[in-house]
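K.L.:
Okay, here's the structure, questions in a sec.
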Amino acid sequence: MNDIYNVVGKIHSIETCGTVDGPGIRYVIFMQGCHLRCLYCHNPDTWDINNYSKELTVGEIMEDILKYRSYFQASGGGVTLSGGEPLLQKEFAAALFKACKLEGLHTALDTSGHDGNINDATLEVLKYTDLVLLDIKSINADTFKKVTGATIDATLNFAQFLFDEEIPTCVRFVLVPGLTDNEDDLHEMARYLKSLKNVTKVGVLPFHQMGAYKWENLNLKYELKGKPEPTAEETEKVRKLFRSYGFRVR
């Protein structure tokens, strides 16, 4: 049992009282490493798995997590693994979530499903996962490729896998004007998600420019520079679209 507390993770950063990465107040661990190269990524400094800020053991992180237990319990919150792509570090993810469950803490996995290899290690992570926050960048394969630089297949395969395993899932989608807001594509996504009975909630996240400075600091070309953020009215219109299919939408 003590072995799980010695597993080491490559960590980008930690947010101790997050409110947007799962229900309630959450301890959010941003993992290092990601296969995708999303045009709107606000953490491009997580891409290279070897460019981590620190290495921490599960035991070290749990010691810090438990300081906030009262906040989690009062708010219905818990612990979220985000990134980057946390499934690139499956051994750590499984060990951390197992330790969380031993403490009675709710666990959420924020993932694109793009780890490229669904295997026993994936199942070990999901065994201790209460909720998956699945990021689907677009249901349109061409748009998905344009946004991420990768094909859509891995994400859809993972979505089907979550359905087959009956894992509660909330799908999250970033609304970018002129890029991911095609109405026909949105209806197609809603119809697709309706076929996955484990998906009951959709998060429509408006695109923002808050991470643009990181691209500049890393000398990366930021193709969405100057791209307008969606208005409140535009965002609400898309939320209403998903609600019309019966989804709860935040």
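A note on labels: chains of the structure tokens are A, B, ... as shown, every chain counts residues from 1, and ligands are counted from 1 in their shown order.
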Would you list the contacts of A:Ala141 as JSON, numbers by chain, taking every protein, DNA or RNA residue within 7 Å and counting only C-alpha atoms, but skipping same-chain residues closer than 2 positions in sequence?

P.N.:
{"A": [139, 143, 144, 145, 151, 152]}

K.L.:
Using DSSP on the backbone coordinates, identify all residues within stretch 41-134 of chain A classified as strand (DSSP E); present the result as a PDB file with N, CA and C atoms, in the first residue's frame.

P.N.:
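Here's the written file result.pdb:
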ATOM      1  N   LYS A  54       8.421  20.695 -11.297  1.00  0.00           N
ATOM      2  CA  LYS A  54       8.874  19.944 -10.125  1.00  0.00           C
ATOM      3  C   LYS A  54       8.445  18.492 -10.248  1.00  0.00           C
ATOM      4  N   GLU A  55       9.139  17.632  -9.545  1.00  0.00           N
ATOM      5  CA  GLU A  55       8.723  16.254  -9.360  1.00  0.00           C
ATOM      6  C   GLU A  55       8.230  16.096  -7.927  1.00  0.00           C
ATOM      7  N   LEU A  56       7.044  15.538  -7.772  1.00  0.00           N
ATOM      8  CA  LEU A  56       6.472  15.336  -6.450  1.00  0.00           C
ATOM      9  C   LEU A  56       5.945  13.915  -6.335  1.00  0.00           C
ATOM     10  N   THR A  57       6.053  13.330  -5.164  1.00  0.00           N
ATOM     11  CA  THR A  57       5.480  12.015  -4.928  1.00  0.00           C
ATOM     12  C   THR A  57       4.006  12.161  -4.572  1.00  0.00           C
ATOM     13  N   GLY A  78     -13.315  18.237  -4.542  1.00  0.00           N
ATOM     14  CA  GLY A  78     -12.361  17.138  -4.491  1.00  0.00           C
ATOM     15  C   GLY A  78     -11.082  17.471  -5.221  1.00  0.00           C
ATOM     16  N   VAL A  79     -10.530  16.474  -5.903  1.00  0.00           N
ATOM     17  CA  VAL A  79      -9.224  16.589  -6.555  1.00  0.00           C
ATOM     18  C   VAL A  79      -9.385  16.349  -8.050  1.00  0.00           C
ATOM     19  N   THR A  80      -8.766  17.215  -8.852  1.00  0.00           N
ATOM     20  CA  THR A  80      -8.801  17.086 -10.305  1.00  0.00           C
ATOM     21  C   THR A  80      -7.383  16.986 -10.854  1.00  0.00           C
ATOM     22  N   LEU A  81      -7.165  16.025 -11.734  1.00  0.00           N
ATOM     23  CA  LEU A  81      -5.924  15.944 -12.502  1.00  0.00           C
ATOM     24  C   LEU A  81      -6.180  16.535 -13.872  1.00  0.00           C
ATOM     25  N   SER A  82      -5.382  17.543 -14.224  1.00  0.00           N
ATOM     26  CA  SER A  82      -5.537  18.223 -15.501  1.00  0.00           C
ATOM     27  C   SER A  82      -4.164  18.284 -16.167  1.00  0.00           C
ATOM     28  N   HIS A 106     -13.470  12.987  -3.672  1.00  0.00           N
ATOM     29  CA  HIS A 106     -13.973  12.898  -5.042  1.00  0.00           C
ATOM     30  C   HIS A 106     -12.834  13.166  -6.021  1.00  0.00           C
ATOM     31  N   THR A 107     -12.788  12.392  -7.118  1.00  0.00           N
ATOM     32  CA  THR A 107     -11.715  12.541  -8.105  1.00  0.00           C
ATOM     33  C   THR A 107     -12.289  12.833  -9.486  1.00  0.00           C
ATOM     34  N   ALA A 108     -11.631  13.730 -10.213  1.00  0.00           N
ATOM     35  CA  ALA A 108     -12.033  14.068 -11.582  1.00  0.00           C
ATOM     36  C   ALA A 108     -10.797  14.092 -12.472  1.00  0.00           C
ATOM     37  N   LEU A 109     -10.945  13.549 -13.666  1.00  0.00           N
ATOM     38  CA  LEU A 109      -9.863  13.473 -14.640  1.00  0.00           C
ATOM     39  C   LEU A 109     -10.200  14.360 -15.828  1.00  0.00           C
ATOM     40  N   ASP A 110      -9.410  15.407 -16.038  1.00  0.00           N
ATOM     41  CA  ASP A 110      -9.599  16.321 -17.167  1.00  0.00           C
ATOM     42  C   ASP A 110      -8.670  15.870 -18.292  1.00  0.00           C
ATOM     43  N   THR A 111      -9.234  15.356 -19.386  1.00  0.00           N
ATOM     44  CA  THR A 111      -8.435  14.720 -20.427  1.00  0.00           C
ATOM     45  C   THR A 111      -9.029  14.946 -21.811  1.00  0.00           C
ATOM     46  N   LEU A 131     -15.323  11.057 -11.981  1.00  0.00           N
ATOM     47  CA  LEU A 131     -15.871  11.850 -13.085  1.00  0.00           C
ATOM     48  C   LEU A 131     -14.772  12.140 -14.091  1.00  0.00           C
ATOM     49  N   VAL A 132     -15.090  11.970 -15.377  1.00  0.00           N
ATOM     50  CA  VAL A 132     -14.171  12.361 -16.448  1.00  0.00           C
ATOM     51  C   VAL A 132     -14.677  13.654 -17.069  1.00  0.00           C
ATOM     52  N   LEU A 133     -13.791  14.633 -17.174  1.00  0.00           N
ATOM     53  CA  LEU A 133     -14.053  15.862 -17.909  1.00  0.00           C
ATOM     54  C   LEU A 133     -13.376  15.685 -19.267  1.00  0.00           C
ATOM     55  N   LEU A 134     -14.159  15.313 -20.270  1.00  0.00           N
ATOM     56  CA  LEU A 134     -13.598  14.973 -21.576  1.00  0.00           C
ATOM     57  C   LEU A 134     -13.641  16.181 -22.499  1.00  0.00           C
TER      58      LEU A 134
END

K.L.:
Per residue of stretch 59-171 of chain A within 12 Å of stretch 179-194 of chain A, which atom pair is closest and at what distance in Å (one decimal), using only C-alpha atoms, listed by chain and increasing number, as a Markdown table?

P.N.:
| residue | atom | partner | partner_atom | distance |
| --- | --- | --- | --- | --- |
| A:Leu134 | CA | A:Leu193 | CA | 11.3 |
| A:Ile136 | CA | A:Met189 | CA | 9.2 |
| A:Lys137 | CA | A:Thr180 | CA | 7.7 |
| A:Ser138 | CA | A:Thr180 | CA | 6.4 |
| A:Ile139 | CA | A:Met189 | CA | 5.5 |
| A:Asn140 | CA | A:Asp185 | CA | 6.3 |
| A:Ala141 | CA | A:Asp185 | CA | 10.1 |
| A:Asp142 | CA | A:Thr180 | CA | 10.8 |
| A:Thr143 | CA | A:Thr180 | CA | 7.2 |
| A:Phe144 | CA | A:Thr180 | CA | 8.7 |
| A:Lys145 | CA | A:Leu179 | CA | 11.5 |
| A:Lys146 | CA | A:Leu179 | CA | 8.9 |
| A:Val147 | CA | A:Leu179 | CA | 8.1 |
| A:Thr148 | CA | A:Thr180 | CA | 11.8 |
| A:Leu156 | CA | A:Tyr192 | CA | 10.1 |
| A:Ala159 | CA | A:Leu193 | CA | 9.2 |
| A:Gln160 | CA | A:Leu193 | CA | 10.2 |
| A:Leu162 | CA | A:Leu193 | CA | 11.9 |
| A:Phe163 | CA | A:Leu193 | CA | 10.2 |
| A:Thr169 | CA | A:Leu193 | CA | 10.3 |
| A:Cys170 | CA | A:Leu193 | CA | 10.0 |
| A:Val171 | CA | A:Leu193 | CA | 8.4 |

K.L.:
Taking into account only C-alpha atoms, which residue in the set A:Ala150, A:Leu126, A:Val202, A:Ile118 is nearest to A:Glu166?

P.N.:
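So, comparing all the options, the nearest one is A:Leu126.
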
K.L.:
Can I get the residues of stretch 149-240 of chain A within 12 Å of stretch 27-37 of chain A, each with the closest pair of atoms and their distance in Å to one decimal, using only C-alpha atoms, sorted chain first then ascending number, as a tab-separated table?

P.N.:
residue	atom	partner	partner_atom	distance
A:Gly149	CA	A:Arg37	CA	5.9
A:Ala150	CA	A:Leu36	CA	6.5
A:Thr151	CA	A:Leu36	CA	9.6
A:Ile152	CA	A:Leu36	CA	10.8
A:Ala154	CA	A:His35	CA	11.2
A:Thr155	CA	A:Leu36	CA	11.1
A:Trp215	CA	A:Arg37	CA	11.7
A:Leu220	CA	A:Arg37	CA	11.1
A:Lys221	CA	A:Arg37	CA	11.6
A:Tyr222	CA	A:Arg37	CA	11.1
A:Glu223	CA	A:Arg37	CA	11.7

K.L.:
What's around A:Tyr213 at 12 Å? Count only C-alpha atoms, leave out sequence neighbours fewer than 6 positions away in its own chain, and write the answer as a CSV table (one decimal) with N, CA, C and O atoms, in the first residue's frame.

P.N.:
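Below is the file that was written, result27.csv:
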chain,number,residue,atom,x,y,z
A,40,TYR,N,-5.5,27.4,-29.1
A,40,TYR,CA,-5.9,28.3,-28.0
A,40,TYR,C,-5.4,27.8,-26.7
A,40,TYR,O,-5.9,28.3,-25.7
A,41,CYS,N,-4.5,26.9,-26.7
A,41,CYS,CA,-3.9,26.4,-25.4
A,41,CYS,C,-3.4,27.5,-24.5
A,41,CYS,O,-2.7,28.3,-25.0
A,42,HIS,N,-3.9,27.5,-23.3
A,42,HIS,CA,-3.4,28.6,-22.3
A,42,HIS,C,-2.3,28.1,-21.5
A,42,HIS,O,-1.8,28.8,-20.6
A,43,ASN,N,-1.8,26.8,-21.7
A,43,ASN,CA,-0.7,26.3,-21.0
A,43,ASN,C,0.3,25.6,-22.0
A,43,ASN,O,0.6,24.4,-21.8
A,44,PRO,N,0.8,26.3,-23.0
A,44,PRO,CA,1.7,25.6,-23.9
A,44,PRO,C,3.0,25.2,-23.3
A,44,PRO,O,3.7,24.4,-23.8
A,45,ASP,N,3.3,25.8,-22.1
A,45,ASP,CA,4.5,25.4,-21.3
A,45,ASP,C,4.3,24.0,-20.7
A,45,ASP,O,5.2,23.5,-20.1
A,219,ASN,N,8.4,32.0,-27.5
A,219,ASN,CA,8.7,32.3,-28.9
A,219,ASN,C,7.9,31.3,-29.8
A,219,ASN,O,8.5,30.8,-30.8
A,220,LEU,N,6.7,31.1,-29.5
A,220,LEU,CA,5.8,30.3,-30.3
A,220,LEU,C,4.8,31.2,-31.1
A,220,LEU,O,4.4,32.2,-30.6
A,221,LYS,N,4.5,30.8,-32.4
A,221,LYS,CA,3.6,31.6,-33.2
A,221,LYS,C,2.2,31.4,-32.7
A,221,LYS,O,1.7,30.2,-32.6
A,222,TYR,N,1.5,32.4,-32.3
A,222,TYR,CA,0.2,32.4,-31.8
A,222,TYR,C,-0.8,32.8,-32.8
A,222,TYR,O,-1.0,34.0,-33.1
A,224,LEU,N,-4.0,32.7,-33.0
A,224,LEU,CA,-5.2,33.4,-32.7
A,224,LEU,C,-5.0,34.8,-32.1
A,224,LEU,O,-6.0,35.3,-31.4
A,225,LYS,N,-3.9,35.3,-32.3
A,225,LYS,CA,-3.7,36.7,-31.8
A,225,LYS,C,-4.7,37.7,-32.4
A,225,LYS,O,-4.9,37.7,-33.6

K.L.:
For a test of reading the model, state the distance in Å between atom CA of A:Gly104 and atom CA of A:Leu87, rounded to one decimal.

P.N.:
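Value for the atom CA of A:Gly104-atom CA of A:Leu87 distance: 22.1 Å.
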
K.L.:
Have a look at A:Leu88, A:Lys127, A:Phe173, A:Lys98 and name the one nearest to A:Asp115; count only C-alpha atoms.

P.N.:
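Result for the nearest residue to A:Asp115: A:Leu88.
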
K.L.:
Report the distance between atom CA of A:Glu165 and atom CA of A:Gly203 in Å, rounded to one decimal place.

P.N.:
21.5 Å

K.L.:
Considering only C-alpha atoms, can you say which of A:Glu63, A:Asp135, A:Asp164, A:Asp48 comes closest to A:Leu205?

P.N.:
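Closest candidate: A:Asp135.
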
K.L.:
Write out as a PyMOL selection string all residues of stretch 57-204 of chain A that backbone DSSP assigns to alpha helix (DSSP H).

P.N.:
chain A and resi 58-65+69-75+90-102+120-127+141-148+153-164+183-194

K.L.:
Find the spatial neighbours of A:Tyr5, counting only C-alpha atoms, within a cut-off of 12 Å - ignore same-chain residues fewer than 2 positions away - and output them as a PyMOL selection string.

P.N.:
chain A and resi 1-3+7-9+56-63+91-100+102

K.L.:
Could you save those same residues with C-alpha atoms as a compact mmCIF listing (two decimals), in the first residue's frame?

P.N.:
# COMPACT_ATOMS: atom_id res chain seq x y z
CA MET A 1 0.00 0.00 0.00
CA ASN A 2 2.80 2.43 0.86
CA ASP A 3 4.19 1.96 -2.65
CA VAL A 7 5.09 7.17 -7.12
CA VAL A 8 6.53 10.34 -8.68
CA GLY A 9 4.75 12.71 -11.04
CA LEU A 56 6.47 15.34 -6.45
CA THR A 57 5.48 12.02 -4.93
CA VAL A 58 1.89 11.04 -4.30
CA GLY A 59 2.65 11.21 -0.59
CA GLU A 60 3.93 14.77 -0.82
CA ILE A 61 0.88 15.92 -2.75
CA MET A 62 -1.55 14.10 -0.47
CA GLU A 63 -0.02 15.81 2.54
CA GLU A 91 1.00 5.25 -13.02
CA PHE A 92 1.04 8.51 -11.07
CA ALA A 93 -2.60 9.29 -11.91
CA ALA A 94 -3.78 5.88 -10.70
CA ALA A 95 -1.70 6.04 -7.53
CA LEU A 96 -2.86 9.56 -6.65
CA PHE A 97 -6.53 8.80 -7.26
CA LYS A 98 -6.27 5.58 -5.25
CA ALA A 99 -4.80 7.58 -2.36
CA CYS A 100 -7.64 10.11 -2.72
CA LEU A 102 -8.67 6.00 0.59
